[in-house]
4 protein chains.
Amino acid sequence: MMVSDILNLKESLIVMAGPCSVESESQVLETARALKRLGVNVLRGGAFKPRTYPESFQGLGEDGLKILAMAREETGMSIVTEAMDLESLRLVEKYADIIQIGSRNSQNFPLLKAAGKTMKPVLLKRGFGNTIDELIGSSRYISMSGNNNIMLVERGIRTFENSTRFTLDVSAVPVLHEKVNYPVIIDPSHPAGNSRYVEPLALAGIAAGADGIIVEVHPDPSRALSDAAQQLNLDQFSRLYSKIKEISRVMNKNVI
Amino acid sequence: MMVSDILNLKESLIVMAGPCSVESESQVLETARALKRLGVNVLRGGAFKPRTYPESFQGLGEDGLKILAMAREETGMSIVTEAMDLESLRLVEKYADIIQIGSRNSQNFPLLKAAGKTMKPVLLKRGFGNTIDELIGSSRYISMSGNNNIMLVERGIRTFENSTRFTLDVSAVPVLHEKVNYPVIIDPSHPAGNSRYVEPLALAGIAAGADGIIVEVHPDPSRALSDAAQQLNLDQFSRLYSKIKEISRVMNKNVI
Amino acid sequence: MMVSDILNLKESLIVMAGPCSVESESQVLETARALKRLGVNVLRGGAFKPRTYPESFQGLGEDGLKILAMAREETGMSIVTEAMDLESLRLVEKYADIIQIGSRNSQNFPLLKAAGKTMKPVLLKRGFGNTIDELIGSSRYISMSGNNNIMLVERGIRTFENSTRFTLDVSAVPVLHEKVNYPVIIDPSHPAGNSRYVEPLALAGIAAGADGIIVEVHPDPSRALSDAAQQLNLDQFSRLYSKIKEISRVMNKNVI
Amino acid sequence: MMVSDILNLKESLIVMAGPCSVESESQVLETARALKRLGVNVLRGGAFKPRTYPESFQGLGEDGLKILAMAREETGMSIVTEAMDLESLRLVEKYADIIQIGSRNSQNFPLLKAAGKTMKPVLLKRGFGNTIDELIGSSRYISMSGNNNIMLVERGIRTFENSTRFTLDVSAVPVLHEKVNYPVIIDPSHPAGNSRYVEPLALAGIAAGADGIIVEVHPDPSRALSDAAQQLNLDQFSRLYSKIKEISRVMNKNVI
């Protein structure tokens, strides 16, 4: 699959999966191989991690990007990974197929402008405190340099409900489709905050008309260095993937 | 269909539909006949309307209940309608098959207790400012008299997002299923606030595992006396109903 | 002080204080005497308690009202206490000087209408999930019977912040003053959720222009049957009361 | 006044004021002279503006910083202005006395780290979607390089209430004081979203115990290129300033 296919999503549903953080070569390769075997074509994984506290694991940096590149080499999967600032953007641009802008940087306008200028596809997450209109405003900082290879991600917003980590705003799917022409992707892992809720949220997003999902998958979630509670193991993902295909069929979407 | 079937929902998906407010005999009968023809077995419609301002249409009261009873007589459909206080509860209990407690009364504990004592099925909506745990607390005021014929409804919560009227908290479905044994129903109309978003929200709820939906349908939404923007017309509902059946099949649920 | 004085608040600041729940004669009388000695003229205390779970203490009912009436007899203080439904309203109307409608009943429209018809002063709390405009809408259900003896209470709204129980929306004071002619009262106890934060929130409300405060005070908060964490003891209240007087002086308000 | 005084705030209350954006030499100098005459010692003004849409006025950049430096030269006021990325940080560091990190960059961790390394005082605003604990987390990215010259700003959070632009979370003042040793500053302009509400919010913040305020003041708000609705004119600010002094006296704070 070419990255250009990813962005022509009218009748496609793209699945992106992989660990929250790149932790080791074996962790990434084991995940990538298993995902590829199922039919997944885009591998996610963070090498630069924006963490609330400086004491938390901050990612492997360029070493992590190299591991992702190895996984691409071996499996042929495309790579999506996050850039946090201009410095990491230069590296991410070099190694990745799709540049991810995270929720905390959703209104980091200089970063958005620079990401746009790379002319690479940009996966832009909604800030958890941002309205849908603000997300669209942010997308314009990317497209102002002529780069319209943009995917918008609904990943949950801050509300008073505390049974889940964030509240997935599934209505963002039809609202965004009405207002802009970009594919809308659902991230069910961050709002769930718990692996048990990932499947229902993923399927809900697809039934609402999403053009793709991005899910956290780890070969052994209990040992993960970040987001341990919400990552699916490979078996859980495999079951989810079958259901994704079934719901996608009803929605006249072809899983890619 | 018996009301007892409604409450044995493990492998069923119940569809409840009808106008926001009962406005006239012809409006209700036209809607009921069309819905019944499609296969819908539960008719909703409000005779007592809790409105933000006293100047707004407050419902037809007992006359509205009589119209609903006529529709049941003719079509065989079950009736669900809202009680706002002990006085309207006495009437609703007399005419309806299922007693609805609305979002603004979700923590009206004396009303909940009285509704429980009727031993009729109770459809309890989540308050738009309430947590999932508070909804469960409210259900205990119903069940404390031994009435476990309870359906819990997720109908959207208050958040900062203003593209939609409320934010449907689709994660309430798996969270409630984990914590209590009651069927979980999705109301896609109130969070949508706009008929264009009703279908995606309804399908999202079912894909998240809901046991039913309750939707506002009006033969001519533009003339509705309440919630004009968000009611589906009969064509729109018919299209939604087909998709509901398709998604339900994937979820191993039988639409009743 | 006459109740009519309470409602002519342009240059006055009314202080209402007392326990969350009426628990016993000695608890209420000890509190009332101490408050009266300081100069407080309105005693609060709940006899009917709307609690999230039916297992929690539900109040002493009419026995509680009788204890409040005794305190009035002895101290000359006015009594404010909550009605939860038409039945408790009849009793509250009989014993109390001011009828309180709680946050969970802020959109219980039949109750609001009935409270208005008593022609007694009504203290209407904002629902924690309600906008300021909805609070104004609710006040119209009281005033529609000609009763304009209404006090509006800001008591905190639901937000994502969890260091406090609710978020005190101090801007409700100027917004309400602009839109309606009713006194605006601050309840610092419920948003604080913790006695340590009650004083800053109370003073903030007064500096924002509030016309009064209603505070939870208990002779021994650690033994309280409800809201133990947020009630002030008598020493804490005494210190707060001095500061209230100082800030009120700056605001050209006379503490009554 | 030395900047070191600013940070020794136990018994002081610092006032920072000035236009939202630096627009011209005359605008800034007129404002600075008027503020200095009143006794204000810190001038605010944005040269780099993070705006939701790229079409909006983005600030004068380094030319704006030069204007601020001229105002300092003439009046002796200290300058606080915002850095948006590493590039603008280099410039802000060169011209300003205090480096401001805006709400949208409150979790821009590489920027926070770099701001910390300058060893200049940093004014860190709370993200409007961030909890108090996350704000404290962000402050650690500044202090990790040994820079403890940090001021934390409460500037309103996102809630469902829409009468104001944001909801000022006045309880952040006591909560932050309990958890960290940094001065807590209130920004009443951004939550107000309207000049009429700025004074009540400012006074509320001080009465809650804040160590300072930062207010938007413009010689002719109706012509402002950003935030026109919420900026005070010089007369309005002058009246506010008198009241700030009165409330500060009650709080045993000396206005600096």
# chains A, B, ... in the order shown; residues from 1 in each chain; ligands from 1
$ residues_around --residues "region 140-153 of chain C" --least-positions-apart "2" --cutoff "10 Å" --atoms "only C-alpha atoms" --output "PyMOL selection string"
(chain B and resi 52-55) or (chain C and resi 3-4+6-8+98-103+107-127+134-138+155-156+172-173+176+180-187+210-214)
$ write_last_selection --atoms "C-alpha atoms" --output "compact mmCIF listing (two decimals), in the first residue's frame"
# COMPACT_ATOMS: atom_id res chain seq x y z
CA THR B 52 -36.52 25.24 30.43
CA TYR B 53 -38.92 28.18 30.22
CA PRO B 54 -42.55 28.21 31.39
CA GLU B 55 -43.56 30.02 28.18
CA VAL C 3 -37.38 38.15 56.04
CA SER C 4 -38.36 41.11 53.89
CA ILE C 6 -33.26 39.65 53.40
CA LEU C 7 -34.64 40.36 50.01
CA ASN C 8 -33.79 44.02 49.89
CA ILE C 98 -37.17 30.50 53.34
CA ILE C 99 -37.76 27.49 51.09
CA GLN C 100 -34.62 26.01 49.57
CA ILE C 101 -34.68 24.18 46.22
CA GLY C 102 -31.54 22.10 45.87
CA SER C 103 -29.20 21.66 42.94
CA GLN C 107 -35.16 21.88 36.89
CA ASN C 108 -37.92 20.09 38.80
CA PHE C 109 -40.50 22.40 37.31
CA PRO C 110 -43.62 21.18 39.16
CA LEU C 111 -41.76 21.68 42.46
CA LEU C 112 -40.62 25.17 41.40
CA LYS C 113 -44.18 26.15 40.51
CA ALA C 114 -45.50 24.90 43.83
CA ALA C 115 -42.74 26.66 45.78
CA GLY C 116 -43.60 29.89 43.98
CA LYS C 117 -47.24 29.57 44.95
CA THR C 118 -46.39 29.51 48.67
CA MET C 119 -45.39 33.19 48.26
CA LYS C 120 -42.58 32.52 50.74
CA PRO C 121 -39.00 33.50 49.83
CA VAL C 122 -37.36 30.81 47.69
CA LEU C 123 -33.63 30.10 47.65
CA LEU C 124 -33.03 28.43 44.28
CA LYS C 125 -29.75 26.62 43.73
CA ARG C 126 -28.21 26.30 40.28
CA GLY C 127 -28.13 22.72 39.04
CA GLU C 134 -31.30 27.64 32.58
CA LEU C 135 -31.17 28.89 36.17
CA ILE C 136 -32.97 32.02 35.04
CA GLY C 137 -35.51 29.85 33.22
CA SER C 138 -36.11 27.93 36.44
CA ARG C 155 -22.89 26.42 44.20
CA GLY C 156 -20.39 25.10 41.68
CA ALA C 172 -22.23 33.76 37.61
CA VAL C 173 -22.44 36.68 40.04
CA LEU C 176 -26.84 37.09 36.89
CA VAL C 180 -32.10 39.51 36.58
CA ASN C 181 -32.93 41.54 39.65
CA TYR C 182 -32.61 38.78 42.24
CA PRO C 183 -29.95 38.62 44.94
CA VAL C 184 -27.12 36.24 44.09
CA ILE C 185 -25.83 34.02 46.89
CA ILE C 186 -22.59 32.02 46.93
CA ASP C 187 -22.41 28.55 48.45
CA ALA C 210 -22.44 38.44 45.69
CA ASP C 211 -25.32 39.53 47.92
CA GLY C 212 -24.88 36.75 50.41
CA ILE C 213 -23.35 33.41 51.28
CA ILE C 214 -24.71 30.14 52.59
$ interface_residues --of "chain C" --to "chain D" --cutoff "7 Å" --atoms "only C-alpha atoms" --output "ChimeraX atom specification"
/C:131,159,161,167-169,171,174,197,200-201,203-205,207-209,246-247,250
$ write_last_selection --atoms "all heavy atoms" --output "short mmCIF file (atom, residue, chain, number, x, y, z; two decimals), in the first residue's frame"
data_model
loop_
_atom_site.label_atom_id
_atom_site.label_comp_id
_atom_site.auth_asym_id
_atom_site.auth_seq_id
_atom_site.Cartn_x
_atom_site.Cartn_y
_atom_site.Cartn_z
N THR C 131 -26.70 25.65 32.87
CA THR C 131 -26.16 26.96 32.50
C THR C 131 -26.85 28.05 33.33
O THR C 131 -27.90 27.83 33.94
CB THR C 131 -26.42 27.26 31.02
OG1 THR C 131 -27.83 27.30 30.81
CG2 THR C 131 -25.80 26.20 30.12
N THR C 159 -17.12 20.13 36.20
CA THR C 159 -16.08 20.33 35.19
C THR C 159 -15.11 19.16 35.28
O THR C 159 -15.28 18.28 36.11
CB THR C 159 -15.30 21.64 35.44
OG1 THR C 159 -14.44 21.46 36.59
CG2 THR C 159 -16.22 22.82 35.68
N GLU C 161 -12.07 19.38 36.34
CA GLU C 161 -11.12 19.54 37.45
C GLU C 161 -11.58 18.71 38.64
O GLU C 161 -12.74 18.78 39.03
CB GLU C 161 -11.03 21.01 37.85
CG GLU C 161 -10.11 21.28 39.03
CD GLU C 161 -8.70 20.72 38.87
OE1 GLU C 161 -8.07 20.96 37.83
OE2 GLU C 161 -8.22 20.00 39.79
N THR C 167 -16.66 23.08 40.49
CA THR C 167 -15.92 24.31 40.21
C THR C 167 -16.86 25.49 40.44
O THR C 167 -17.86 25.64 39.72
CB THR C 167 -15.42 24.29 38.75
OG1 THR C 167 -14.51 23.19 38.59
CG2 THR C 167 -14.68 25.58 38.41
N LEU C 168 -16.53 26.31 41.44
CA LEU C 168 -17.34 27.50 41.70
C LEU C 168 -17.23 28.43 40.49
O LEU C 168 -16.15 28.85 40.13
CB LEU C 168 -16.84 28.23 42.96
CG LEU C 168 -17.68 29.46 43.33
CD1 LEU C 168 -19.04 29.04 43.89
CD2 LEU C 168 -16.96 30.35 44.33
N ASP C 169 -18.37 28.74 39.88
CA ASP C 169 -18.38 29.64 38.72
C ASP C 169 -18.67 31.05 39.22
O ASP C 169 -19.80 31.52 39.20
CB ASP C 169 -19.46 29.19 37.73
CG ASP C 169 -19.53 30.11 36.51
OD1 ASP C 169 -18.64 30.96 36.34
OD2 ASP C 169 -20.49 29.97 35.74
N SER C 171 -18.09 33.83 38.04
CA SER C 171 -18.61 34.79 37.05
C SER C 171 -20.14 34.78 36.99
O SER C 171 -20.74 35.69 36.43
CB SER C 171 -18.02 34.51 35.67
OG SER C 171 -18.36 33.22 35.25
N PRO C 174 -21.64 38.38 38.40
CA PRO C 174 -21.93 39.52 37.53
C PRO C 174 -22.89 39.19 36.39
O PRO C 174 -23.68 40.04 35.98
CB PRO C 174 -20.55 39.94 37.00
CG PRO C 174 -19.67 38.75 37.19
CD PRO C 174 -20.20 38.05 38.41
N TYR C 197 -10.84 24.88 51.71
CA TYR C 197 -11.06 25.77 50.56
C TYR C 197 -12.30 26.65 50.72
O TYR C 197 -12.62 27.45 49.84
CB TYR C 197 -11.19 24.95 49.27
CG TYR C 197 -10.03 24.01 49.01
CD1 TYR C 197 -10.24 22.76 48.42
CD2 TYR C 197 -8.72 24.36 49.33
CE1 TYR C 197 -9.19 21.89 48.17
CE2 TYR C 197 -7.66 23.49 49.10
CZ TYR C 197 -7.91 22.25 48.52
OH TYR C 197 -6.87 21.40 48.28
N PRO C 200 -11.47 30.79 51.10
CA PRO C 200 -11.13 31.49 49.85
C PRO C 200 -12.30 31.60 48.88
O PRO C 200 -12.48 32.64 48.24
CB PRO C 200 -9.99 30.66 49.25
CG PRO C 200 -9.59 29.66 50.26
CD PRO C 200 -10.52 29.69 51.40
N LEU C 201 -13.10 30.55 48.79
CA LEU C 201 -14.22 30.61 47.84
C LEU C 201 -15.30 31.58 48.33
O LEU C 201 -15.90 32.30 47.54
CB LEU C 201 -14.82 29.21 47.62
CG LEU C 201 -13.88 28.20 46.94
CD1 LEU C 201 -14.65 26.91 46.62
CD2 LEU C 201 -13.27 28.77 45.66
N LEU C 203 -14.86 34.27 50.21
CA LEU C 203 -14.40 35.64 50.02
C LEU C 203 -14.37 36.02 48.54
O LEU C 203 -14.70 37.15 48.16
CB LEU C 203 -13.01 35.82 50.65
CG LEU C 203 -12.95 35.52 52.16
CD1 LEU C 203 -11.54 35.80 52.70
CD2 LEU C 203 -13.98 36.31 52.95
N ALA C 204 -14.01 35.06 47.69
CA ALA C 204 -14.02 35.32 46.24
C ALA C 204 -15.42 35.70 45.78
O ALA C 204 -15.62 36.64 45.02
CB ALA C 204 -13.52 34.09 45.48
N GLY C 205 -16.40 34.96 46.25
CA GLY C 205 -17.78 35.24 45.86
C GLY C 205 -18.20 36.63 46.28
O GLY C 205 -18.84 37.36 45.50
N ALA C 207 -16.25 39.22 46.90
CA ALA C 207 -15.51 40.21 46.12
C ALA C 207 -16.03 40.30 44.68
O ALA C 207 -15.88 41.32 44.02
CB ALA C 207 -14.02 39.87 46.13
N ALA C 208 -16.64 39.24 44.21
CA ALA C 208 -17.24 39.27 42.87
C ALA C 208 -18.58 39.99 42.87
O ALA C 208 -19.18 40.19 41.81
CB ALA C 208 -17.41 37.85 42.33
N GLY C 209 -19.05 40.36 44.07
CA GLY C 209 -20.27 41.14 44.13
C GLY C 209 -21.49 40.41 44.65
O GLY C 209 -22.61 40.93 44.56
N GLU C 246 -14.91 42.24 56.62
CA GLU C 246 -13.91 43.16 56.05
C GLU C 246 -14.08 43.33 54.54
O GLU C 246 -14.04 44.44 54.01
CB GLU C 246 -12.50 42.65 56.34
CG GLU C 246 -12.11 42.71 57.81
CD GLU C 246 -10.65 42.31 57.98
OE1 GLU C 246 -9.75 43.09 57.60
OE2 GLU C 246 -10.39 41.18 58.46
N ILE C 247 -14.25 42.21 53.85
CA ILE C 247 -14.41 42.30 52.39
C ILE C 247 -15.72 43.02 52.06
O ILE C 247 -15.79 43.83 51.13
CB ILE C 247 -14.40 40.90 51.72
CG1 ILE C 247 -13.09 40.17 51.98
CG2 ILE C 247 -14.66 41.02 50.22
CD1 ILE C 247 -11.95 40.47 51.07
N VAL C 250 -15.39 46.76 51.95
CA VAL C 250 -14.81 47.25 50.69
C VAL C 250 -15.87 47.27 49.58
O VAL C 250 -15.88 48.16 48.73
CB VAL C 250 -13.62 46.36 50.26
CG1 VAL C 250 -13.07 46.81 48.91
CG2 VAL C 250 -12.53 46.38 51.32
#
$ residues_around --residues "Ala96 (chain C)" --least-positions-apart "3" --cutoff "6 Å" --atoms "only C-alpha atoms" --output "PDB file with all heavy atoms, in the first residue's frame"
ATOM      1  N   ILE C  79     -35.179  30.631  59.356  1.00  0.00           N
ATOM      2  CA  ILE C  79     -34.800  29.261  58.988  1.00  0.00           C
ATOM      3  C   ILE C  79     -34.896  29.079  57.475  1.00  0.00           C
ATOM      4  O   ILE C  79     -35.905  29.439  56.863  1.00  0.00           O
ATOM      5  CB  ILE C  79     -35.772  28.249  59.655  1.00  0.00           C
ATOM      6  CG1 ILE C  79     -35.720  28.372  61.181  1.00  0.00           C
ATOM      7  CG2 ILE C  79     -35.509  26.827  59.194  1.00  0.00           C
ATOM      8  CD1 ILE C  79     -34.390  28.026  61.807  1.00  0.00           C
ATOM      9  N   VAL C  80     -33.839  28.514  56.891  1.00  0.00           N
ATOM     10  CA  VAL C  80     -33.899  28.104  55.481  1.00  0.00           C
ATOM     11  C   VAL C  80     -33.632  26.605  55.409  1.00  0.00           C
ATOM     12  O   VAL C  80     -32.664  26.113  55.997  1.00  0.00           O
ATOM     13  CB  VAL C  80     -32.917  28.899  54.592  1.00  0.00           C
ATOM     14  CG1 VAL C  80     -31.478  28.822  55.078  1.00  0.00           C
ATOM     15  CG2 VAL C  80     -33.017  28.452  53.131  1.00  0.00           C
ATOM     16  N   VAL C  92     -42.176  22.002  54.844  1.00  0.00           N
ATOM     17  CA  VAL C  92     -41.164  23.067  54.873  1.00  0.00           C
ATOM     18  C   VAL C  92     -41.860  24.428  54.900  1.00  0.00           C
ATOM     19  O   VAL C  92     -41.464  25.332  55.644  1.00  0.00           O
ATOM     20  CB  VAL C  92     -40.217  22.931  53.655  1.00  0.00           C
ATOM     21  CG1 VAL C  92     -39.381  24.195  53.468  1.00  0.00           C
ATOM     22  CG2 VAL C  92     -39.304  21.719  53.835  1.00  0.00           C
ATOM     23  N   GLU C  93     -42.915  24.549  54.102  1.00  0.00           N
ATOM     24  CA  GLU C  93     -43.662  25.803  54.075  1.00  0.00           C
ATOM     25  C   GLU C  93     -44.173  26.153  55.471  1.00  0.00           C
ATOM     26  O   GLU C  93     -44.197  27.316  55.869  1.00  0.00           O
ATOM     27  CB  GLU C  93     -44.848  25.665  53.096  1.00  0.00           C
ATOM     28  CG  GLU C  93     -45.667  26.931  52.952  1.00  0.00           C
ATOM     29  CD  GLU C  93     -46.918  26.714  52.092  1.00  0.00           C
ATOM     30  OE1 GLU C  93     -47.108  25.584  51.598  1.00  0.00           O
ATOM     31  OE2 GLU C  93     -47.685  27.673  51.929  1.00  0.00           O
TER      32      GLU C  93
END
$ select_by_dssp --residues "region 58-192 of chain C" --states "strand (DSSP E or B)" --output "list of chain:residue names"
C:Ser78, C:Ile79, C:Val80, C:Thr81, C:Glu82, C:Ile98, C:Ile99, C:Gln100, C:Ile101, C:Val122, C:Leu123, C:Leu124, C:Lys125, C:Ile150, C:Met151, C:Leu152, C:Val153, C:Glu154, C:Ile157, C:Thr167, C:Asp169, C:Val184, C:Ile185, C:Ile186
$ select_by_dssp --residues "region 17-203 of chain C" --states "helix (DSSP H, G or I)" --output "PyMOL selection string"
chain C and resi 25-38+62-75+86-95+103-105+109-117+132-143+172-179+189-192+195-203
$ residues_around --residues "region 36-40 of chain B" --least-positions-apart "3" --cutoff "7 Å" --atoms "only C-alpha atoms" --output "list in words"
Val15, Met16, Ala32, Arg33 and Thr75 of chain B
$ residues_around --residues "Ala228 (chain B)" --least-positions-apart "5" --cutoff "9 Å" --atoms "only C-alpha atoms" --output "PyMOL selection string"
chain B and resi 20+194-195+218+220-223
$ closest_residue --among "A:Leu35, A:Val22, A:Val217, A:Val255" --to "Lys66 (chain A)" --atoms "only C-alpha atoms"
A:Val22
$ decode --residues "region 53-65 of chain C" --atoms "N, CA and C atoms" --output "compact mmCIF listing (two decimals), in the first residue's frame"
# COMPACT_ATOMS: atom_id res chain seq x y z
N TYR C 53 -27.24 7.83 46.83
CA TYR C 53 -27.58 6.43 47.07
C TYR C 53 -28.65 6.32 48.16
N PRO C 54 -29.60 5.40 47.99
CA PRO C 54 -30.67 5.29 48.98
C PRO C 54 -30.18 4.80 50.34
N GLU C 55 -28.96 4.22 50.37
CA GLU C 55 -28.43 3.70 51.62
C GLU C 55 -27.92 4.83 52.52
N SER C 56 -27.70 6.03 51.96
CA SER C 56 -27.14 7.14 52.76
C SER C 56 -28.23 7.75 53.65
N PHE C 57 -27.79 8.45 54.67
CA PHE C 57 -28.68 9.14 55.60
C PHE C 57 -29.61 10.10 54.84
N GLN C 58 -30.91 9.96 55.04
CA GLN C 58 -31.87 10.70 54.23
C GLN C 58 -32.50 11.89 54.98
N GLY C 59 -32.01 12.18 56.17
CA GLY C 59 -32.57 13.31 56.92
C GLY C 59 -33.63 12.87 57.90
N LEU C 60 -33.91 13.75 58.87
CA LEU C 60 -34.86 13.41 59.94
C LEU C 60 -36.30 13.72 59.58
N GLY C 61 -36.53 14.35 58.42
CA GLY C 61 -37.91 14.66 58.03
C GLY C 61 -38.54 15.69 58.95
N GLU C 62 -39.84 15.54 59.22
CA GLU C 62 -40.53 16.55 60.01
C GLU C 62 -39.91 16.75 61.40
N ASP C 63 -39.34 15.69 61.97
CA ASP C 63 -38.66 15.86 63.26
C ASP C 63 -37.52 16.88 63.14
N GLY C 64 -36.85 16.84 62.02
CA GLY C 64 -35.77 17.82 61.79
C GLY C 64 -36.33 19.23 61.70
N LEU C 65 -37.44 19.37 61.02
CA LEU C 65 -38.05 20.71 60.91
C LEU C 65 -38.44 21.25 62.29
